$ cat upload05.cif   # mmCIF, C-alpha atoms
data_run
#
loop_
_atom_site.label_atom_id
_atom_site.label_comp_id
_atom_site.auth_asym_id
_atom_site.auth_seq_id
_atom_site.Cartn_x
_atom_site.Cartn_y
_atom_site.Cartn_z
CA MET A 1423 -25.79 -6.35 -13.87
CA SER A 1424 -29.08 -7.04 -12.17
CA GLU A 1425 -30.43 -4.27 -9.98
CA ALA A 1426 -32.75 -6.64 -8.11
CA PRO A 1427 -32.61 -5.85 -4.40
CA LEU A 1428 -30.44 -8.27 -2.49
CA THR A 1429 -31.45 -8.70 1.08
CA GLY A 1430 -30.14 -10.37 4.22
CA ARG A 1431 -27.92 -13.36 3.72
CA ALA A 1432 -27.83 -13.08 -0.07
CA SER A 1433 -26.65 -9.48 0.08
CA ARG A 1434 -23.99 -10.28 2.64
CA SER A 1435 -22.50 -13.21 0.71
CA HIS A 1436 -22.61 -11.12 -2.47
CA ASP A 1437 -20.67 -8.36 -0.67
CA LEU A 1438 -18.20 -10.89 0.69
CA ARG A 1439 -17.53 -12.35 -2.76
CA LEU A 1440 -16.94 -8.86 -4.14
CA ALA A 1441 -14.62 -8.02 -1.24
CA ILE A 1442 -12.54 -11.19 -1.66
CA GLY A 1443 -12.41 -10.77 -5.44
CA GLY A 1444 -11.29 -7.16 -5.04
CA TRP A 1445 -8.65 -8.18 -2.52
CA VAL A 1446 -7.20 -10.95 -4.74
CA LEU A 1447 -7.16 -8.61 -7.74
CA PHE A 1448 -5.49 -5.90 -5.66
CA ILE A 1449 -2.74 -8.26 -4.41
CA ALA A 1450 -2.05 -9.48 -7.96
CA VAL A 1451 -1.86 -5.97 -9.41
CA GLU A 1452 0.31 -4.68 -6.55
CA THR A 1453 2.78 -7.57 -6.85
CA ALA A 1454 3.05 -7.07 -10.60
CA THR A 1455 3.65 -3.36 -9.98
CA GLN A 1456 6.57 -4.05 -7.63
CA VAL A 1457 8.15 -6.51 -10.05
CA VAL A 1458 7.78 -4.16 -13.02
CA PHE A 1459 9.11 -1.23 -10.94
CA LYS A 1460 12.14 -3.27 -9.95
CA TYR A 1461 12.85 -4.07 -13.60
CA ALA A 1462 12.25 -0.41 -14.49
CA GLY A 1463 14.46 0.96 -11.71
CA ALA A 1464 17.27 -1.36 -12.76
CA THR A 1465 17.17 -0.19 -16.39
CA LEU A 1466 17.15 3.52 -15.60
CA ASP A 1467 20.35 5.53 -15.70
CA ASP A 1468 20.23 8.10 -12.90
CA ARG A 1469 23.79 9.39 -13.11
CA SER A 1470 22.80 12.57 -14.92
CA GLY A 1471 20.34 13.89 -12.37
CA ILE A 1472 16.69 13.60 -11.46
CA GLY A 1473 15.41 15.67 -14.41
CA HIS A 1474 17.12 13.40 -16.88
CA LEU A 1475 15.88 10.39 -14.94
CA VAL A 1476 12.23 11.50 -15.23
CA ALA A 1477 12.60 12.27 -18.95
CA HIS A 1478 14.23 8.91 -19.55
CA ALA A 1479 11.57 7.19 -17.44
CA LEU A 1480 8.70 8.64 -19.49
CA ALA A 1481 10.25 7.26 -22.69
CA THR A 1482 10.74 3.71 -21.39
CA PRO A 1483 7.85 1.26 -21.99
CA VAL A 1484 8.48 -0.85 -18.88
CA VAL A 1485 8.28 2.30 -16.76
CA LEU A 1486 5.00 3.31 -18.36
CA LEU A 1487 3.68 -0.20 -17.75
CA GLY A 1488 4.68 0.20 -14.09
CA PHE A 1489 2.79 3.49 -13.83
CA GLY A 1490 -0.23 1.96 -15.57
CA LEU A 1491 -0.30 -0.89 -13.05
CA TYR A 1492 0.17 1.60 -10.24
CA PHE A 1493 -2.86 3.53 -11.44
CA CYS A 1494 -4.96 0.35 -11.71
CA GLY A 1495 -3.96 -0.50 -8.14
CA PHE A 1496 -5.09 2.99 -7.10
CA LEU A 1497 -8.53 2.54 -8.70
CA ILE A 1498 -9.05 -0.87 -7.06
CA TRP A 1499 -7.88 0.52 -3.73
CA MET A 1500 -10.40 3.38 -3.92
CA THR A 1501 -13.27 0.92 -4.27
CA ILE A 1502 -12.00 -1.12 -1.29
CA LEU A 1503 -11.27 1.87 0.95
CA LYS A 1504 -14.63 3.58 0.54
CA ASP A 1505 -16.28 0.94 2.74
CA LEU A 1506 -13.55 0.29 5.30
CA ASP A 1507 -11.77 1.89 8.24
CA LEU A 1508 -8.21 2.78 7.06
CA GLY A 1509 -6.58 1.04 10.03
CA ARG A 1510 -8.43 -2.13 9.03
CA ALA A 1511 -8.24 -1.90 5.23
CA PHE A 1512 -4.53 -1.17 5.04
CA PRO A 1513 -3.32 -4.37 6.79
CA MET A 1514 -5.38 -6.43 4.33
CA THR A 1515 -2.67 -5.61 1.83
CA ALA A 1516 -0.16 -7.62 3.90
CA MET A 1517 -0.15 -10.48 1.41
CA VAL A 1518 1.69 -8.18 -1.01
CA TYR A 1519 4.77 -8.51 1.20
CA VAL A 1520 4.77 -12.29 1.01
CA SER A 1521 4.22 -12.34 -2.75
CA THR A 1522 6.87 -9.64 -3.23
CA LEU A 1523 9.42 -11.62 -1.22
CA VAL A 1524 8.73 -14.73 -3.28
CA SER A 1525 9.11 -12.68 -6.48
CA ALA A 1526 12.43 -11.25 -5.26
CA VAL A 1527 13.82 -14.74 -4.78
CA LEU A 1528 12.37 -16.30 -7.93
CA LEU A 1529 12.83 -13.45 -10.42
CA PHE A 1530 15.78 -11.46 -9.09
CA HIS A 1531 17.67 -14.30 -7.39
CA GLU A 1532 18.02 -12.41 -4.13
CA THR A 1533 19.19 -14.53 -1.21
CA LEU A 1534 17.45 -14.42 2.14
CA SER A 1535 19.53 -14.44 5.32
CA LEU A 1536 18.14 -15.78 8.58
CA THR A 1537 17.86 -12.21 9.97
CA ARG A 1538 15.87 -11.10 6.95
CA ILE A 1539 13.46 -14.04 7.17
CA ALA A 1540 13.08 -13.41 10.92
CA GLY A 1541 12.40 -9.72 10.23
CA VAL A 1542 9.76 -10.47 7.59
CA THR A 1543 8.14 -12.99 9.95
CA VAL A 1544 7.94 -10.38 12.73
CA ILE A 1545 6.49 -7.86 10.25
CA ALA A 1546 3.88 -10.40 9.14
CA LEU A 1547 3.00 -11.13 12.77
CA GLY A 1548 2.60 -7.43 13.45
CA VAL A 1549 0.38 -7.03 10.40
CA VAL A 1550 -1.82 -9.94 11.50
CA LEU A 1551 -2.22 -8.29 14.92
CA LEU A 1552 -3.05 -4.97 13.26
CA ALA A 1553 -5.60 -6.61 11.02
CA SER A 1554 -7.27 -8.56 13.81
CA ASP A 1555 -8.10 -5.42 15.81
CA THR A 1556 -11.65 -5.11 14.53
CA GLY A 1557 -13.04 -3.31 17.57
CA GLY A 1558 -13.24 0.30 18.57
CA PRO A 1559 -16.13 2.79 18.38
CA THR A 1560 -15.28 3.91 14.86
CA ALA A 1561 -15.27 0.40 13.50
CA VAL A 1562 -18.65 -0.32 15.07
CA ALA A 1563 -20.06 2.97 13.84
CA ASP A 1564 -19.26 2.47 10.17
CA GLY A 1565 -19.11 -1.30 10.12
CA GLU A 1566 -22.82 -2.08 10.28
CA ALA A 1567 -24.62 0.44 8.14
CA MET B 930 22.32 0.92 -0.52
CA GLY B 931 23.49 4.52 -0.09
CA LEU B 932 22.23 7.53 1.85
CA ILE B 933 20.14 8.84 -1.06
CA SER B 934 18.36 5.50 -1.32
CA TRP B 935 17.53 5.52 2.38
CA LEU B 936 16.31 9.14 2.24
CA LEU B 937 14.14 8.41 -0.77
CA PHE B 938 12.88 5.28 0.97
CA ALA B 939 11.82 7.44 3.93
CA LEU B 940 10.16 9.89 1.53
CA THR B 941 8.29 6.99 -0.08
CA VAL B 942 6.90 5.81 3.26
CA VAL B 943 5.90 9.34 4.33
CA LEU B 944 4.15 10.01 1.01
CA ASP B 945 2.39 6.64 1.22
CA VAL B 946 1.01 7.43 4.67
CA PHE B 947 0.04 10.91 3.51
CA GLY B 948 -1.69 9.47 0.44
CA GLN B 949 -3.63 6.83 2.39
CA THR B 950 -4.74 9.36 4.99
CA ALA B 951 -5.75 11.88 2.34
CA PHE B 952 -7.71 9.22 0.39
CA LYS B 953 -9.61 8.26 3.50
CA LEU B 954 -10.30 11.90 4.43
CA GLY B 955 -11.58 12.48 0.90
CA LEU B 956 -13.67 9.32 0.70
CA ASP B 957 -15.25 10.02 4.10
CA ARG B 958 -16.60 13.25 2.61
CA ILE B 959 -18.09 11.56 -0.43
CA ALA B 960 -21.53 10.00 -0.26
CA LYS B 961 -21.33 6.21 -0.40
CA GLY B 962 -22.30 5.11 -3.84
CA SER B 963 -21.06 3.63 -7.06
CA GLY B 964 -20.86 4.27 -10.76
CA ALA B 965 -20.12 7.52 -12.54
CA ALA B 966 -21.28 9.79 -9.71
CA PHE B 967 -18.88 8.18 -7.26
CA TRP B 968 -15.88 8.41 -9.59
CA ARG B 969 -16.71 12.01 -10.50
CA ALA B 970 -16.77 12.85 -6.78
CA VAL B 971 -13.43 11.03 -6.36
CA ALA B 972 -11.84 12.99 -9.22
CA PHE B 973 -12.98 16.33 -7.78
CA SER B 974 -12.17 15.64 -4.13
CA PRO B 975 -9.25 17.92 -3.08
CA TRP B 976 -8.03 15.32 -0.59
CA VAL B 977 -8.03 12.49 -3.12
CA VAL B 978 -6.29 14.70 -5.70
CA ALA B 979 -3.65 15.73 -3.12
CA GLY B 980 -3.08 12.10 -2.18
CA PHE B 981 -2.85 11.14 -5.83
CA LEU B 982 -0.21 13.81 -6.54
CA GLY B 983 1.73 12.48 -3.54
CA TYR B 984 1.39 9.00 -5.09
CA CYS B 985 2.93 10.26 -8.35
CA VAL B 986 6.02 11.60 -6.57
CA GLU B 987 6.13 8.46 -4.46
CA ALA B 988 6.14 6.28 -7.60
CA VAL B 989 9.24 8.00 -9.01
CA SER B 990 11.00 7.91 -5.64
CA TRP B 991 10.11 4.24 -5.16
CA MET B 992 11.40 3.36 -8.61
CA TYR B 993 14.76 4.93 -7.77
CA VAL B 994 14.92 3.02 -4.48
CA LEU B 995 14.06 -0.29 -6.15
CA GLY B 996 16.74 0.33 -8.76
CA HIS B 997 19.34 0.64 -6.00
CA ALA B 998 18.24 -1.77 -3.28
CA PRO B 999 17.23 -5.44 -3.00
CA LEU B 1000 13.46 -5.93 -3.34
CA SER B 1001 13.58 -8.36 -0.39
CA ILE B 1002 14.85 -5.50 1.83
CA VAL B 1003 12.81 -2.45 0.89
CA GLY B 1004 9.67 -4.43 -0.02
CA PRO B 1005 9.02 -5.75 3.50
CA MET B 1006 10.33 -2.54 5.11
CA ALA B 1007 7.67 -0.56 3.26
CA ALA B 1008 5.30 -2.12 5.84
CA LEU B 1009 6.44 0.79 8.05
CA SER B 1010 3.67 2.74 6.37
CA TYR B 1011 1.19 0.56 8.37
CA VAL B 1012 2.64 2.11 11.51
CA GLY B 1013 2.19 5.57 10.03
CA ALA B 1014 -1.40 4.73 9.05
CA VAL B 1015 -2.25 3.66 12.61
CA LEU B 1016 -0.80 6.97 13.87
CA THR B 1017 -2.60 9.18 11.35
CA GLY B 1018 -5.80 7.17 11.86
CA ARG B 1019 -5.57 8.03 15.55
CA LEU B 1020 -4.52 11.67 15.03
CA PHE B 1021 -6.60 12.78 12.04
CA LEU B 1022 -9.36 10.27 11.36
CA GLY B 1023 -10.84 9.83 14.81
CA GLU B 1024 -9.99 6.14 14.86
CA ARG B 1025 -9.41 4.59 18.27
CA PRO B 1026 -6.86 1.77 17.87
CA ARG B 1027 -6.86 -0.70 20.74
CA ALA B 1028 -3.74 -2.17 22.39
CA ARG B 1029 -3.62 -4.98 19.84
CA ARG B 1030 -3.26 -2.57 16.91
CA TRP B 1031 -0.50 -0.64 18.71
CA LEU B 1032 1.30 -3.90 19.51
CA GLY B 1033 1.04 -4.88 15.84
CA ALA B 1034 2.50 -1.51 14.84
CA GLY B 1035 5.37 -2.08 17.28
CA LEU B 1036 6.09 -5.53 15.84
CA VAL B 1037 6.08 -4.18 12.28
CA THR B 1038 8.64 -1.56 13.35
CA LEU B 1039 10.80 -4.18 15.05
CA GLY B 1040 10.61 -6.50 12.01
CA ALA B 1041 11.47 -3.64 9.65
CA GLY B 1042 14.52 -2.91 11.82
CA LEU B 1043 15.59 -6.55 11.58
CA VAL B 1044 15.16 -6.61 7.81
CA GLY B 1045 17.19 -3.38 7.51
CA ALA B 1046 19.88 -4.83 9.77
CA SER B 1047 20.14 -7.92 7.57
CA LEU B 1048 21.66 -5.71 4.87
CA VAL B 1049 24.89 -5.16 6.81
#
$ encode --input "upload05.cif" --output "structure tokens"
Amino acid sequence: MSEAPLTGRASRSHDLRLAIGGWVLFIAVETATQVVFKYAGATLDDRSGIGHLVAHALATPVVLLGFGLYFCGFLIWMTILKDLDLGRAFPMTAMVYVSTLVSAVLLFHETLSLTRIAGVTVIALGVVLLASDTGGPTAVADGEA
Amino acid sequence: MGLISWLLFALTVVLDVFGQTAFKLGLDRIAKGSGAAFWRAVAFSPWVVAGFLGYCVEAVSWMYVLGHAPLSIVGPMAALSYVGAVLTGRLFLGERPRARRWLGAGLVTLGAGLVGASLV
């Protein structure tokens, strides 16, 4: 990694590339986490109580893979969140909901009713509105350092 | 999807909002930087550690919920944590959401209600 000072336009486009790369990586890891968790949750036997469930979970590879992915998602999220307002950073994860829905249909053969599709559409709309609120004193204060 | 699943779903959302808020509180107190110094500061930040412990409980709870509910129901409904994040941002982080962000939070809530209703 070069430590040469990046200034002006170069620095900004470099930051933007990093931000987009981080975002894509985050979406991919989060989607994989949900899918692995769904597989894991389906394989676990919870009839003998929560203690047994946890013990069983820690001995099941697919569960450990899920936790590993979860932890990777956490690390990526930390690097994204350190530069952004929470109210703005959080909605950027909206794409996870679309990719999760597609995974549910393709991998778990869940069927989508009209109400469910309408609901997800309204959620997505709400998230877009949330994400597009870039104003406010706080955002200005920490946006342009 | 039984009562326990719904309760654990609610717990998952609450812990997610708590975790996000705690991470942000912690990160706001850490000098902007990168590399080993940044990650050391992250590992020793009480807020980040608290959020992370919440995440661990959340992961187990979420796994139970996913094992008992359709992914296409609880996945989208987990967006309710956005609403919680707007609220805690306003209450604890000094953020000043404008009308648009509140409207978005309202729509997410409405959509989550619709998705939940599609189960019955």
$ resolve_selection --input "upload05.cif" --expression "the PyMOL selection byres ((chain B) within 6 of (chain A))" --output "ChimeraX atom specification"
/B:956,992-993,995-996,1000-1001,1005,1015,1024-1025,1030,1033,1036-1037,1040,1043-1044,1047
$ atom_distance --input "upload05.cif" --atom1 "atom CA of B:Gly1004" --atom2 "atom CA of A:Thr1455"
11.7 Å
$ atom_distance --input "upload05.cif" --atom1 "atom CA of B:Phe938" --atom2 "atom CA of B:Asp957"
28.7 Å
$ closest_residue --input "upload05.cif" --among "B:Val986, B:Leu954, B:Val994, B:Leu1009" --to "B:Leu1022" --atoms "only C-alpha atoms"
B:Leu954
$ closest_residue --input "upload05.cif" --among "B:Leu940, B:Thr1038, B:Gly948, B:Pro975" --to "B:Tyr1011" --atoms "all atoms listed in the file"
B:Thr1038
$ residues_around --input "upload05.cif" --residues "B:Trp968" --least-positions-apart "4" --cutoff "10 Å" --atoms "only C-alpha atoms" --output "ChimeraX atom specification"
/A:1497,1500-1501 /B:959,962-964,972-974
$ atom_distance --input "upload05.cif" --atom1 "atom CA of A:His1436" --atom2 "atom CA of B:Val977"
27.8 Å
$ resolve_selection --input "upload05.cif" --expression "the PyMOL selection byres ((chain B and resi 983) around 8)" --output "list of chain:residue names"
B:Leu944, B:Asp945, B:Phe947, B:Gly948, B:Ala979, B:Gly980, B:Phe981, B:Leu982, B:Tyr984, B:Cys985, B:Val986, B:Glu987
$ resolve_selection --input "upload05.cif" --expression "the PyMOL selection byres ((chain B and resi 932-934) around 8)" --output "short mmCIF file (atom, residue, chain, number, x, y, z; two decimals) with C-alpha atoms, in the coordinates of the input"
data_model
loop_
_atom_site.label_atom_id
_atom_site.label_comp_id
_atom_site.auth_asym_id
_atom_site.auth_seq_id
_atom_site.Cartn_x
_atom_site.Cartn_y
_atom_site.Cartn_z
CA MET B 930 22.32 0.92 -0.52
CA GLY B 931 23.49 4.52 -0.09
CA TRP B 935 17.53 5.52 2.38
CA LEU B 936 16.31 9.14 2.24
CA LEU B 937 14.14 8.41 -0.77
CA PHE B 938 12.88 5.28 0.97
CA TYR B 993 14.76 4.93 -7.77
CA VAL B 994 14.92 3.02 -4.48
CA HIS B 997 19.34 0.64 -6.00
CA ALA B 998 18.24 -1.77 -3.28
#
$ axis_aligned_box --input "upload05.cif" --around "stretch 996-1007 of chain B" --padding-each-side "6 Å" --output "lines of an AutoDock Vina configuration file"
center_x = 13.5
center_y = -3.9
center_z = -1.8
size_x = 23.7
size_y = 21.0
size_z = 25.9
$ build_atoms --input "upload05.cif" --residues "stretch 957-973 of chain B" --atoms "N, CA and C atoms" --output "PDB file, keeping the file's coordinate frame"
ATOM      1  N   ASP B 957     -14.289   9.829   3.005  1.00  0.00           N
ATOM      2  CA  ASP B 957     -15.250  10.020   4.100  1.00  0.00           C
ATOM      3  C   ASP B 957     -16.204  11.179   3.805  1.00  0.00           C
ATOM      4  N   ARG B 958     -15.777  12.082   2.928  1.00  0.00           N
ATOM      5  CA  ARG B 958     -16.600  13.250   2.610  1.00  0.00           C
ATOM      6  C   ARG B 958     -17.437  13.042   1.364  1.00  0.00           C
ATOM      7  N   ILE B 959     -17.326  11.863   0.775  1.00  0.00           N
ATOM      8  CA  ILE B 959     -18.090  11.560  -0.430  1.00  0.00           C
ATOM      9  C   ILE B 959     -19.217  10.603  -0.059  1.00  0.00           C
ATOM     10  N   ALA B 960     -20.402  10.872  -0.560  1.00  0.00           N
ATOM     11  CA  ALA B 960     -21.530  10.000  -0.260  1.00  0.00           C
ATOM     12  C   ALA B 960     -21.238   8.595  -0.789  1.00  0.00           C
ATOM     13  N   LYS B 961     -21.543   7.591   0.029  1.00  0.00           N
ATOM     14  CA  LYS B 961     -21.330   6.210  -0.400  1.00  0.00           C
ATOM     15  C   LYS B 961     -22.177   5.959  -1.640  1.00  0.00           C
ATOM     16  N   GLY B 962     -21.556   5.372  -2.628  1.00  0.00           N
ATOM     17  CA  GLY B 962     -22.300   5.110  -3.840  1.00  0.00           C
ATOM     18  C   GLY B 962     -21.419   4.381  -4.824  1.00  0.00           C
ATOM     19  N   SER B 963     -21.871   4.308  -6.061  1.00  0.00           N
ATOM     20  CA  SER B 963     -21.060   3.630  -7.060  1.00  0.00           C
ATOM     21  C   SER B 963     -21.319   4.272  -8.404  1.00  0.00           C
ATOM     22  N   GLY B 964     -20.640   3.784  -9.414  1.00  0.00           N
ATOM     23  CA  GLY B 964     -20.860   4.270 -10.760  1.00  0.00           C
ATOM     24  C   GLY B 964     -20.239   5.627 -11.018  1.00  0.00           C
ATOM     25  N   ALA B 965     -20.728   6.281 -12.052  1.00  0.00           N
ATOM     26  CA  ALA B 965     -20.120   7.520 -12.540  1.00  0.00           C
ATOM     27  C   ALA B 965     -20.105   8.614 -11.474  1.00  0.00           C
ATOM     28  N   ALA B 966     -21.189   8.718 -10.706  1.00  0.00           N
ATOM     29  CA  ALA B 966     -21.280   9.790  -9.710  1.00  0.00           C
ATOM     30  C   ALA B 966     -20.167   9.656  -8.672  1.00  0.00           C
ATOM     31  N   PHE B 967     -19.929   8.406  -8.249  1.00  0.00           N
ATOM     32  CA  PHE B 967     -18.880   8.180  -7.260  1.00  0.00           C
ATOM     33  C   PHE B 967     -17.515   8.579  -7.809  1.00  0.00           C
ATOM     34  N   TRP B 968     -17.201   8.127  -9.032  1.00  0.00           N
ATOM     35  CA  TRP B 968     -15.880   8.410  -9.590  1.00  0.00           C
ATOM     36  C   TRP B 968     -15.694   9.888  -9.916  1.00  0.00           C
ATOM     37  N   ARG B 969     -16.802  10.574 -10.270  1.00  0.00           N
ATOM     38  CA  ARG B 969     -16.710  12.010 -10.500  1.00  0.00           C
ATOM     39  C   ARG B 969     -16.361  12.704  -9.180  1.00  0.00           C
ATOM     40  N   ALA B 970     -17.040  12.273  -8.105  1.00  0.00           N
ATOM     41  CA  ALA B 970     -16.770  12.850  -6.780  1.00  0.00           C
ATOM     42  C   ALA B 970     -15.320  12.582  -6.365  1.00  0.00           C
ATOM     43  N   VAL B 971     -14.822  11.376  -6.678  1.00  0.00           N
ATOM     44  CA  VAL B 971     -13.430  11.030  -6.360  1.00  0.00           C
ATOM     45  C   VAL B 971     -12.478  11.978  -7.101  1.00  0.00           C
ATOM     46  N   ALA B 972     -12.738  12.181  -8.389  1.00  0.00           N
ATOM     47  CA  ALA B 972     -11.840  12.990  -9.220  1.00  0.00           C
ATOM     48  C   ALA B 972     -11.816  14.447  -8.777  1.00  0.00           C
ATOM     49  N   PHE B 973     -12.918  14.916  -8.166  1.00  0.00           N
ATOM     50  CA  PHE B 973     -12.980  16.330  -7.780  1.00  0.00           C
ATOM     51  C   PHE B 973     -12.734  16.542  -6.282  1.00  0.00           C
TER      52      PHE B 973
END
